[in-house]
Amino acid sequence: MLEEIKYSAAFIAGLFSFFSPCILPLVPSYFSFITGVSMEDLSRAAESGVRRKVILSTLAFVSGFSLIFIALGATAAYFSVLFQGVKDYIRIGGGVFIILLGLHLLGILRIRALEAEKRIHLNRKPVHFFGAFLIGMAFGAGWSPCIGPLLGSILILAGSQDTVTQGVALLTLFSAGVALPFIILSAAIHFLIVFVRRAAKAMRWLNIGAGILLIVTGLLLISDKLRLLSYYIY
């Protein structure tokens, strides 16, 4: 049951990442960039027959960043297994760091290292699906003020797991949370602009929700009471 809670939290963190101010407003640009299709043609995708290309390019893109996220999760869990003797210290230190990340998202504490975007920028659009895959990997390897705290928190959870498989599972679900909205929008690409405009109004509250989630998770991790979440959910 506790494992189910962790996995649910990882998936929700991925969804919050997609709806963050660092990603959501740029989603139309992402689609235009990875597909090589102009914004005007994207809005008429159903009529112009480019929907298949948009969906396949999107799948390649999300596969790229998922590969990076999962590799990071496997690495974090692997090193956790190596340091079983100090696992309690890792758990407590990780909990403190997650709380700080939550305070950062709420705007209570500003961490300057998280303010600067560290994402790879490319000037040329990929012209094939492998190019979209590489762009996805670049996206996954990057770091932005919004997705960084949530990704970092799930990596800390992955680092507190007993096996590498559990760490991989957490980052797989985090990746699925980020990828799912991309995939859904690629299938309904003509609604993209309207969706982004409407969803942008809720970004502030999503950020607050994500910050609160991180603080609660950090406190429970420090006290080794993460299992308490199961009592409230089930």
# chains A, B, ... in the order shown; residues from 1 in each chain; ligands from 1
call {"tool": "residues_around", "arguments": {"residues": "region 94-99 of chain A", "least_positions_apart": "6", "cutoff": "7 Å", "atoms": "only C-alpha atoms", "output": "ChimeraX atom specification"}}
result
/A:153,156,214-215,218-219,221-222
call {"tool": "residues_around", "arguments": {"residues": "Leu150 (chain A)", "least_positions_apart": "6", "cutoff": "8 Å", "atoms": "only C-alpha atoms", "output": "PyMOL selection string"}}
result
chain A and resi 13-14+17+101+210+214
call {"tool": "write_last_selection", "arguments": {"atoms": "C-alpha atoms", "output": "PDB file, in the first residue's frame"}}
result
ATOM      1  CA  ALA A  13       4.329  15.208  -9.625  1.00  0.00           C
ATOM      2  CA  GLY A  14       4.748  14.533 -13.348  1.00  0.00           C
ATOM      3  CA  SER A  17       5.410  19.456 -13.938  1.00  0.00           C
ATOM      4  CA  LEU A 101      11.902  22.807  -2.737  1.00  0.00           C
ATOM      5  CA  ALA A 210       2.690  21.216  -5.839  1.00  0.00           C
ATOM      6  CA  LEU A 214       6.332  18.585  -1.489  1.00  0.00           C
TER       7      LEU A 214
END
call {"tool": "atom_distance", "arguments": {"atom1": "CA of Asn207 (chain A)", "atom2": "CA of Asp88 (chain A)"}}
result
29.3 Å
call {"tool": "atom_distance", "arguments": {"atom1": "CA of Leu105 (chain A)", "atom2": "CA of Gly211 (chain A)"}}
result
5.1 Å
call {"tool": "closest_residue", "arguments": {"among": "A:Ile92, A:Leu173, A:Leu206, A:Val54", "to": "Ile154 (chain A)", "atoms": "only C-alpha atoms"}}
result
A:Leu173
